[in-house]
Amino acid sequence: MAYQQHLLTGTGIGLRQPHVEHFLQGTPAAGWLEVHSENYLQEKSKRRHQLRHIRNHYAISCHGIGLSLGSSDPLSQTHIKSLKALFNDIEPSLISEHLSWSSLNGRFYNDLLPLPYTHESLNHMITQVGQAQDLLGRQILIENPSSYLAFKQADMSEPELLNQLSQHSGCKLLLDLNNIFVSCSNMNTDPYDYLASINWHQVAEIHLAGHTLKQLPQGTIRIDTHNNPVCEEVWGMVTTYKDTLKHIPCLIEWDADIPSLDVLMAEAKKAQHYLGIAHD
């Protein structure tokens, strides 16, 4: 099927199941839509049929959580085949995955688990990302994770690893500003130092989301829950970097306690305001 080509411009929103009917019945004024790839892998499913219909009116970005690129396991050929069929069917503008692992000896876990930032991890990710891109026939974006603990052994910082991964594998970066703020707050580091270290020429998508504060006996920790509006500190990061960010597709990500579409669209318009992008 040949789709009309739509560009990822302005601020997009994550397409979640409670809002699908709105997009089947009309065309809400979202700049573009991002879907979780694993929700649409069944070729003859109702969800895949709905996505084909919506794709006629919107640019789509596919965000995956199942490749487990950082695992020592080989890439799942079955999963790669299903992803490739989805991408060939939907023709997404961008596809993305995570700097993480979620499988060991063929057993998958319901978490995006962290990597130590070592030369060994970097070289492994370069190989895995390169293989995935070759098999899919497409460039991948790699997203920075949210972190709660740091490994004792580290040869480099997270932004340094991402920069080198992009340079040597040919991938681009998906920069999640909420994840940066969450991680830096938990590690007592400066998010602006992180942003200053990133090679912005390699950043092809931005995520904005909310998180949750949790009080533990050891102190307060920030949890990347995607169930709240974007916090003021992250909006401050957007404001500081708006001249750069306004040229990069930006997504409002809200995955739990999903609000009405009106609330989500208002958050997207707020992002456009902070970015200095005109909207209706």
# chains A, B, ... in the order shown; residues from 1 in each chain; ligands from 1
>>> select_by_dssp(residues="range 37-192 of chain A", states="alpha helix (DSSP H)", output="PyMOL selection string")
chain A and resi 46-55+77-90+119-136+158-169+177-187+191-192
>>> residues_around(residues="Ile221 in chain A", least_positions_apart="2", cutoff="10 Å", atoms="only C-alpha atoms", output="NGL selection string")
:A and (148 or 182-183 or 185-187 or 212-216 or 218-219 or 223-224)
>>> write_last_selection(atoms="all heavy atoms", output="short mmCIF file (atom, residue, chain, number, x, y, z; two decimals), in the first residue's frame")
data_model
loop_
_atom_site.label_atom_id
_atom_site.label_comp_id
_atom_site.auth_asym_id
_atom_site.auth_seq_id
_atom_site.Cartn_x
_atom_site.Cartn_y
_atom_site.Cartn_z
N TYR A 148 18.56 4.50 38.05
CA TYR A 148 18.28 4.61 39.48
C TYR A 148 19.51 4.26 40.32
O TYR A 148 19.61 4.65 41.48
CB TYR A 148 17.10 3.69 39.83
CG TYR A 148 15.93 3.97 38.93
CD1 TYR A 148 15.68 3.18 37.82
CD2 TYR A 148 15.11 5.08 39.15
CE1 TYR A 148 14.63 3.46 36.96
CE2 TYR A 148 14.06 5.37 38.30
CZ TYR A 148 13.83 4.57 37.20
OH TYR A 148 12.80 4.86 36.35
N VAL A 182 15.41 12.62 35.31
CA VAL A 182 15.22 11.58 36.32
C VAL A 182 16.57 10.97 36.71
O VAL A 182 16.90 10.85 37.90
CB VAL A 182 14.26 10.49 35.79
CG1 VAL A 182 14.35 9.22 36.64
CG2 VAL A 182 12.83 11.01 35.78
N SER A 183 17.36 10.58 35.71
CA SER A 183 18.64 9.94 35.99
C SER A 183 19.59 10.87 36.74
O SER A 183 20.23 10.48 37.73
CB SER A 183 19.29 9.48 34.69
OG SER A 183 18.50 8.52 34.04
N SER A 185 18.88 13.49 38.55
CA SER A 185 18.39 13.75 39.91
C SER A 185 18.73 12.58 40.82
O SER A 185 19.19 12.77 41.96
CB SER A 185 16.87 13.97 39.89
OG SER A 185 16.54 15.13 39.18
N ASN A 186 18.53 11.36 40.33
CA ASN A 186 18.81 10.17 41.14
C ASN A 186 20.30 9.99 41.40
O ASN A 186 20.70 9.46 42.43
CB ASN A 186 18.25 8.92 40.47
CG ASN A 186 16.72 8.91 40.45
OD1 ASN A 186 16.07 9.55 41.27
ND2 ASN A 186 16.14 8.19 39.50
N MET A 187 21.12 10.41 40.45
CA MET A 187 22.58 10.23 40.56
C MET A 187 23.28 11.48 41.11
O MET A 187 24.50 11.51 41.24
CB MET A 187 23.18 9.90 39.20
CG MET A 187 22.55 8.74 38.50
SD MET A 187 22.83 7.19 39.36
CE MET A 187 21.97 6.07 38.26
N THR A 212 7.29 10.22 38.56
CA THR A 212 6.73 10.17 39.91
C THR A 212 7.84 10.26 40.95
O THR A 212 8.90 9.66 40.78
CB THR A 212 5.95 8.86 40.11
OG1 THR A 212 4.88 8.80 39.17
CG2 THR A 212 5.38 8.77 41.52
N LEU A 213 7.59 11.02 41.97
CA LEU A 213 8.49 11.08 43.13
C LEU A 213 8.09 10.01 44.13
O LEU A 213 6.92 9.88 44.49
CB LEU A 213 8.42 12.45 43.80
CG LEU A 213 9.13 13.61 43.10
CD1 LEU A 213 8.74 14.92 43.76
CD2 LEU A 213 10.64 13.42 43.16
N LYS A 214 9.07 9.22 44.59
CA LYS A 214 8.79 8.17 45.57
C LYS A 214 9.73 8.33 46.75
O LYS A 214 10.95 8.48 46.58
CB LYS A 214 8.97 6.78 44.94
CG LYS A 214 8.57 5.65 45.88
CD LYS A 214 8.59 4.31 45.18
CE LYS A 214 8.12 3.21 46.11
NZ LYS A 214 8.10 1.89 45.41
N GLN A 215 9.15 8.31 47.94
CA GLN A 215 9.95 8.47 49.15
C GLN A 215 10.41 7.11 49.66
O GLN A 215 9.58 6.23 49.94
CB GLN A 215 9.13 9.18 50.24
CG GLN A 215 9.93 9.61 51.45
CD GLN A 215 10.98 10.66 51.10
OE1 GLN A 215 10.70 11.59 50.35
NE2 GLN A 215 12.18 10.50 51.64
N LEU A 216 11.70 6.92 49.76
CA LEU A 216 12.28 5.70 50.30
C LEU A 216 13.01 6.01 51.61
O LEU A 216 13.29 7.18 51.89
CB LEU A 216 13.27 5.10 49.29
CG LEU A 216 12.71 4.71 47.92
CD1 LEU A 216 13.83 4.22 47.02
CD2 LEU A 216 11.64 3.66 48.05
N GLN A 218 16.00 5.73 52.24
CA GLN A 218 17.28 6.37 51.94
C GLN A 218 17.11 7.78 51.38
O GLN A 218 18.09 8.51 51.22
CB GLN A 218 18.04 5.54 50.90
CG GLN A 218 18.30 4.10 51.33
CD GLN A 218 17.19 3.15 50.89
OE1 GLN A 218 16.05 3.56 50.73
NE2 GLN A 218 17.56 1.90 50.71
N GLY A 219 15.88 8.16 51.05
CA GLY A 219 15.63 9.48 50.49
C GLY A 219 14.64 9.40 49.34
O GLY A 219 14.01 8.36 49.10
N ILE A 223 10.93 8.21 39.64
CA ILE A 223 10.63 7.00 38.86
C ILE A 223 10.02 7.42 37.53
O ILE A 223 9.06 8.21 37.48
CB ILE A 223 9.65 6.08 39.60
CG1 ILE A 223 10.14 5.78 41.02
CG2 ILE A 223 9.43 4.80 38.81
CD1 ILE A 223 11.37 4.95 41.09
N ASP A 224 10.55 6.88 36.46
CA ASP A 224 10.09 7.20 35.10
C ASP A 224 8.79 6.45 34.81
O ASP A 224 8.81 5.35 34.25
CB ASP A 224 11.18 6.82 34.10
CG ASP A 224 10.80 7.12 32.67
OD1 ASP A 224 10.09 8.12 32.44
OD2 ASP A 224 11.22 6.36 31.77
#
>>> residues_around(residues="Tyr194 in chain A", least_positions_apart="3", cutoff="8 Å", atoms="only C-alpha atoms", output="ChimeraX atom specification")
/A:159,180,190-191,197-198
>>> write_last_selection(atoms="N, CA and C atoms", output="PDB file, in the first residue's frame")
ATOM      1  N   PRO A 159      26.244  10.085  27.917  1.00  0.00           N
ATOM      2  CA  PRO A 159      26.259  10.803  26.635  1.00  0.00           C
ATOM      3  C   PRO A 159      27.470  10.468  25.778  1.00  0.00           C
ATOM      4  N   ILE A 180      16.655  12.033  31.188  1.00  0.00           N
ATOM      5  CA  ILE A 180      17.881  12.718  31.610  1.00  0.00           C
ATOM      6  C   ILE A 180      17.686  13.361  32.979  1.00  0.00           C
ATOM      7  N   ASP A 190      24.369  16.850  37.009  1.00  0.00           N
ATOM      8  CA  ASP A 190      23.747  18.013  36.404  1.00  0.00           C
ATOM      9  C   ASP A 190      23.189  17.674  35.020  1.00  0.00           C
ATOM     10  N   PRO A 191      21.862  17.791  34.802  1.00  0.00           N
ATOM     11  CA  PRO A 191      21.306  17.477  33.483  1.00  0.00           C
ATOM     12  C   PRO A 191      21.819  18.392  32.385  1.00  0.00           C
ATOM     13  N   SER A 197      27.005  17.674  26.598  1.00  0.00           N
ATOM     14  CA  SER A 197      27.918  16.640  26.109  1.00  0.00           C
ATOM     15  C   SER A 197      27.384  15.891  24.892  1.00  0.00           C
ATOM     16  N   ILE A 198      26.100  16.060  24.603  1.00  0.00           N
ATOM     17  CA  ILE A 198      25.467  15.310  23.504  1.00  0.00           C
ATOM     18  C   ILE A 198      25.854  15.904  22.148  1.00  0.00           C
TER      19      ILE A 198
END
>>> select_by_dssp(residues="range 54-253 of chain A", states="strand (DSSP E or B)", output="ChimeraX atom specification")
/A:60-63,94-98,101-104,107-113,141-143,172-176,203-209,212-216,219-223,250-253
>>> closest_residue(among="A:Leu161, A:Ala204, A:Ile252, A:Leu177", to="Thr239 in chain A", atoms="only C-alpha atoms")
A:Leu177
>>> atom_distance(atom1="CA of Ser260 in chain A", atom2="CA of Ile54 in chain A")
18.6 Å
>>> closest_residue(among="A:Leu165, A:Met265, A:Leu112, A:Val230", to="Gly14 in chain A", atoms="only C-alpha atoms")
A:Met265
>>> residues_around(residues="Leu113 in chain A", least_positions_apart="5", cutoff="8 Å", atoms="only C-alpha atoms", output="number ranges by chain")
A: 100-102
>>> closest_residue(among="A:Lys242, A:His57, A:Lys152, A:Arg107", to="Ser72 in chain A", atoms="only C-alpha atoms")
A:Arg107
>>> closest_atom_pairs(of="range 231-258 of chain A", to="range 16-25 of chain A", cutoff="12 Å", atoms="only C-alpha atoms", output="JSON lines")
{"residue": "A:Ile252", "atom": "CA", "partner": "A:Arg16", "partner_atom": "CA", "distance": 11.7}
{"residue": "A:Glu253", "atom": "CA", "partner": "A:Arg16", "partner_atom": "CA", "distance": 9.8}
{"residue": "A:Trp254", "atom": "CA", "partner": "A:Arg16", "partner_atom": "CA", "distance": 8.5}
{"residue": "A:Asp255", "atom": "CA", "partner": "A:Arg16", "partner_atom": "CA", "distance": 7.5}
{"residue": "A:Ala256", "atom": "CA", "partner": "A:Arg16", "partner_atom": "CA", "distance": 9.7}
{"residue": "A:Asp257", "atom": "CA", "partner": "A:Pro18", "partner_atom": "CA", "distance": 10.7}
{"residue": "A:Ile258", "atom": "CA", "partner": "A:Pro18", "partner_atom": "CA", "distance": 7.9}
>>> residues_around(residues="range 118-133 of chain A", least_positions_apart="6", cutoff="12 Å", atoms="only C-alpha atoms", output="PyMOL selection string")
chain A and resi 67-77+79-81+83-84+95-101+139-142+151-173
>>> atom_distance(atom1="CA of Trp235 in chain A", atom2="CA of Asn179 in chain A")
13.0 Å
>>> residues_around(residues="Leu86 in chain A", least_positions_apart="6", cutoff="12 Å", atoms="only C-alpha atoms", output="ChimeraX atom specification")
/A:35-45,47-49,51-52,60-64,79-80,92,95,136
>>> write_last_selection(atoms="N, CA, C and O atoms", output="mmCIF file, in the first residue's frame")
data_model
loop_
_atom_site.group_PDB
_atom_site.id
_atom_site.type_symbol
_atom_site.label_atom_id
_atom_site.label_comp_id
_atom_site.auth_asym_id
_atom_site.auth_seq_id
_atom_site.Cartn_x
_atom_site.Cartn_y
_atom_site.Cartn_z
ATOM 1 N N VAL A 35 3.758 5.024 17.909
ATOM 2 C CA VAL A 35 3.149 3.796 18.423
ATOM 3 C C VAL A 35 4.240 2.887 18.970
ATOM 4 O O VAL A 35 5.401 2.975 18.572
ATOM 5 N N HIS A 36 3.851 2.012 19.896
ATOM 6 C CA HIS A 36 4.749 0.974 20.376
ATOM 7 C C HIS A 36 4.703 -0.187 19.393
ATOM 8 O O HIS A 36 3.659 -0.811 19.199
ATOM 9 N N SER A 37 5.818 -0.475 18.780
ATOM 10 C CA SER A 37 5.868 -1.451 17.685
ATOM 11 C C SER A 37 5.249 -2.789 18.068
ATOM 12 O O SER A 37 4.504 -3.390 17.278
ATOM 13 N N GLU A 38 5.550 -3.271 19.279
ATOM 14 C CA GLU A 38 5.108 -4.615 19.668
ATOM 15 C C GLU A 38 3.593 -4.745 19.770
ATOM 16 O O GLU A 38 3.076 -5.864 19.765
ATOM 17 N N ASN A 39 2.872 -3.649 19.838
ATOM 18 C CA ASN A 39 1.405 -3.711 19.889
ATOM 19 C C ASN A 39 0.778 -3.956 18.520
ATOM 20 O O ASN A 39 -0.441 -4.171 18.434
ATOM 21 N N TYR A 40 1.596 -3.926 17.453
ATOM 22 C CA TYR A 40 1.033 -3.984 16.102
ATOM 23 C C TYR A 40 1.705 -5.036 15.232
ATOM 24 O O TYR A 40 1.648 -4.969 14.004
ATOM 25 N N LEU A 41 2.304 -6.060 15.827
ATOM 26 C CA LEU A 41 3.068 -7.028 15.054
ATOM 27 C C LEU A 41 2.202 -8.051 14.332
ATOM 28 O O LEU A 41 2.648 -8.642 13.342
ATOM 29 N N GLN A 42 0.985 -8.274 14.811
ATOM 30 C CA GLN A 42 0.114 -9.263 14.165
ATOM 31 C C GLN A 42 -0.495 -8.666 12.900
ATOM 32 O O GLN A 42 -1.293 -7.732 12.946
ATOM 33 N N GLU A 43 -0.119 -9.234 11.755
ATOM 34 C CA GLU A 43 -0.469 -8.638 10.463
ATOM 35 C C GLU A 43 -1.974 -8.516 10.249
ATOM 36 O O GLU A 43 -2.447 -7.523 9.689
ATOM 37 N N LYS A 44 -2.751 -9.493 10.687
ATOM 38 C CA LYS A 44 -4.191 -9.498 10.422
ATOM 39 C C LYS A 44 -5.010 -9.067 11.627
ATOM 40 O O LYS A 44 -6.221 -9.254 11.647
ATOM 41 N N SER A 45 -4.366 -8.450 12.601
ATOM 42 C CA SER A 45 -5.075 -8.034 13.808
ATOM 43 C C SER A 45 -5.890 -6.767 13.578
ATOM 44 O O SER A 45 -5.645 -6.001 12.638
ATOM 45 N N ARG A 47 -5.814 -4.179 15.500
ATOM 46 C CA ARG A 47 -4.945 -3.024 15.751
ATOM 47 C C ARG A 47 -4.137 -2.658 14.506
ATOM 48 O O ARG A 47 -3.976 -1.485 14.191
ATOM 49 N N ARG A 48 -3.631 -3.652 13.802
ATOM 50 C CA ARG A 48 -2.856 -3.363 12.596
ATOM 51 C C ARG A 48 -3.749 -2.730 11.529
ATOM 52 O O ARG A 48 -3.336 -1.783 10.841
ATOM 53 N N HIS A 49 -4.970 -3.215 11.402
ATOM 54 C CA HIS A 49 -5.917 -2.628 10.447
ATOM 55 C C HIS A 49 -6.210 -1.175 10.813
ATOM 56 O O HIS A 49 -6.243 -0.301 9.933
ATOM 57 N N LEU A 51 -4.277 0.854 12.482
ATOM 58 C CA LEU A 51 -3.078 1.655 12.253
ATOM 59 C C LEU A 51 -2.920 1.987 10.774
ATOM 60 O O LEU A 51 -2.503 3.097 10.423
ATOM 61 N N ARG A 52 -3.226 1.049 9.895
ATOM 62 C CA ARG A 52 -3.163 1.334 8.458
ATOM 63 C C ARG A 52 -4.084 2.495 8.098
ATOM 64 O O ARG A 52 -3.717 3.380 7.321
ATOM 65 N N ILE A 60 3.965 8.480 11.138
ATOM 66 C CA ILE A 60 4.061 7.551 12.255
ATOM 67 C C ILE A 60 5.528 7.299 12.597
ATOM 68 O O ILE A 60 6.370 7.120 11.714
ATOM 69 N N SER A 61 5.819 7.268 13.898
ATOM 70 C CA SER A 61 7.101 6.810 14.409
ATOM 71 C C SER A 61 6.852 5.533 15.200
ATOM 72 O O SER A 61 5.890 5.459 15.975
ATOM 73 N N CYS A 62 7.662 4.504 14.996
ATOM 74 C CA CYS A 62 7.509 3.229 15.695
ATOM 75 C C CYS A 62 8.581 3.093 16.771
ATOM 76 O O CYS A 62 9.783 3.124 16.474
ATOM 77 N N HIS A 63 8.137 2.943 18.015
ATOM 78 C CA HIS A 63 9.030 2.899 19.175
ATOM 79 C C HIS A 63 8.987 1.496 19.763
ATOM 80 O O HIS A 63 7.936 1.044 20.230
ATOM 81 N N GLY A 64 10.114 0.776 19.704
ATOM 82 C CA GLY A 64 10.139 -0.610 20.144
ATOM 83 C C GLY A 64 10.744 -0.796 21.516
ATOM 84 O O GLY A 64 11.550 0.007 21.990
ATOM 85 N N HIS A 79 11.599 -11.936 15.882
ATOM 86 C CA HIS A 79 11.156 -10.578 16.207
ATOM 87 C C HIS A 79 11.569 -9.597 15.110
ATOM 88 O O HIS A 79 10.778 -8.728 14.720
ATOM 89 N N ILE A 80 12.785 -9.736 14.621
ATOM 90 C CA ILE A 80 13.253 -8.877 13.529
ATOM 91 C C ILE A 80 12.335 -9.025 12.312
ATOM 92 O O ILE A 80 11.950 -8.031 11.674
ATOM 93 N N PRO A 92 6.924 3.750 8.545
ATOM 94 C CA PRO A 92 7.128 4.803 9.556
ATOM 95 C C PRO A 92 8.234 5.756 9.147
ATOM 96 O O PRO A 92 9.170 5.388 8.432
ATOM 97 N N ILE A 95 12.111 4.810 13.362
ATOM 98 C CA ILE A 95 11.962 3.677 14.263
ATOM 99 C C ILE A 95 13.005 3.821 15.368
ATOM 100 O O ILE A 95 14.089 4.364 15.151
ATOM 101 N N LEU A 136 16.967 -5.045 9.232
ATOM 102 C CA LEU A 136 15.734 -4.286 9.007
ATOM 103 C C LEU A 136 15.799 -3.448 7.739
ATOM 104 O O LEU A 136 14.767 -3.059 7.186
#
>>> closest_residue(among="A:Phe87, A:Gly210, A:Asn188, A:Asp193", to="Glu267 in chain A", atoms="only C-alpha atoms")
A:Gly210
>>> atom_distance(atom1="CA of Ala268 in chain A", atom2="CA of Leu33 in chain A")
11.4 Å
>>> decode(residues="range 35-52 of chain A", atoms="N, CA, C and O atoms", output="tab-separated table (two decimals), in the first residue's frame")
chain	number	residue	atom	x	y	z
A	35	VAL	N	3.76	5.02	17.91
A	35	VAL	CA	3.15	3.80	18.42
A	35	VAL	C	4.24	2.89	18.97
A	35	VAL	O	5.40	2.98	18.57
A	36	HIS	N	3.85	2.01	19.90
A	36	HIS	CA	4.75	0.97	20.38
A	36	HIS	C	4.70	-0.19	19.39
A	36	HIS	O	3.66	-0.81	19.20
A	37	SER	N	5.82	-0.48	18.78
A	37	SER	CA	5.87	-1.45	17.68
A	37	SER	C	5.25	-2.79	18.07
A	37	SER	O	4.50	-3.39	17.28
A	38	GLU	N	5.55	-3.27	19.28
A	38	GLU	CA	5.11	-4.62	19.67
A	38	GLU	C	3.59	-4.74	19.77
A	38	GLU	O	3.08	-5.86	19.77
A	39	ASN	N	2.87	-3.65	19.84
A	39	ASN	CA	1.40	-3.71	19.89
A	39	ASN	C	0.78	-3.96	18.52
A	39	ASN	O	-0.44	-4.17	18.43
A	40	TYR	N	1.60	-3.93	17.45
A	40	TYR	CA	1.03	-3.98	16.10
A	40	TYR	C	1.70	-5.04	15.23
A	40	TYR	O	1.65	-4.97	14.00
A	41	LEU	N	2.30	-6.06	15.83
A	41	LEU	CA	3.07	-7.03	15.05
A	41	LEU	C	2.20	-8.05	14.33
A	41	LEU	O	2.65	-8.64	13.34
A	42	GLN	N	0.99	-8.27	14.81
A	42	GLN	CA	0.11	-9.26	14.16
A	42	GLN	C	-0.50	-8.67	12.90
A	42	GLN	O	-1.29	-7.73	12.95
A	43	GLU	N	-0.12	-9.23	11.75
A	43	GLU	CA	-0.47	-8.64	10.46
A	43	GLU	C	-1.97	-8.52	10.25
A	43	GLU	O	-2.45	-7.52	9.69
A	44	LYS	N	-2.75	-9.49	10.69
A	44	LYS	CA	-4.19	-9.50	10.42
A	44	LYS	C	-5.01	-9.07	11.63
A	44	LYS	O	-6.22	-9.25	11.65
A	45	SER	N	-4.37	-8.45	12.60
A	45	SER	CA	-5.07	-8.03	13.81
A	45	SER	C	-5.89	-6.77	13.58
A	45	SER	O	-5.65	-6.00	12.64
A	46	LYS	N	-6.83	-6.54	14.46
A	46	LYS	CA	-7.65	-5.33	14.42
A	46	LYS	C	-6.77	-4.09	14.60
A	46	LYS	O	-6.95	-3.08	13.91
A	47	ARG	N	-5.81	-4.18	15.50
A	47	ARG	CA	-4.95	-3.02	15.75
A	47	ARG	C	-4.14	-2.66	14.51
A	47	ARG	O	-3.98	-1.49	14.19
A	48	ARG	N	-3.63	-3.65	13.80
A	48	ARG	CA	-2.86	-3.36	12.60
A	48	ARG	C	-3.75	-2.73	11.53
A	48	ARG	O	-3.34	-1.78	10.84
A	49	HIS	N	-4.97	-3.21	11.40
A	49	HIS	CA	-5.92	-2.63	10.45
A	49	HIS	C	-6.21	-1.18	10.81
A	49	HIS	O	-6.24	-0.30	9.93
A	50	GLN	N	-6.41	-0.90	12.09
A	50	GLN	CA	-6.67	0.47	12.54
A	50	GLN	C	-5.48	1.37	12.24
A	50	GLN	O	-5.64	2.51	11.80
A	51	LEU	N	-4.28	0.85	12.48
A	51	LEU	CA	-3.08	1.66	12.25
A	51	LEU	C	-2.92	1.99	10.77
A	51	LEU	O	-2.50	3.10	10.42
A	52	ARG	N	-3.23	1.05	9.90
A	52	ARG	CA	-3.16	1.33	8.46
A	52	ARG	C	-4.08	2.50	8.10
A	52	ARG	O	-3.72	3.38	7.32
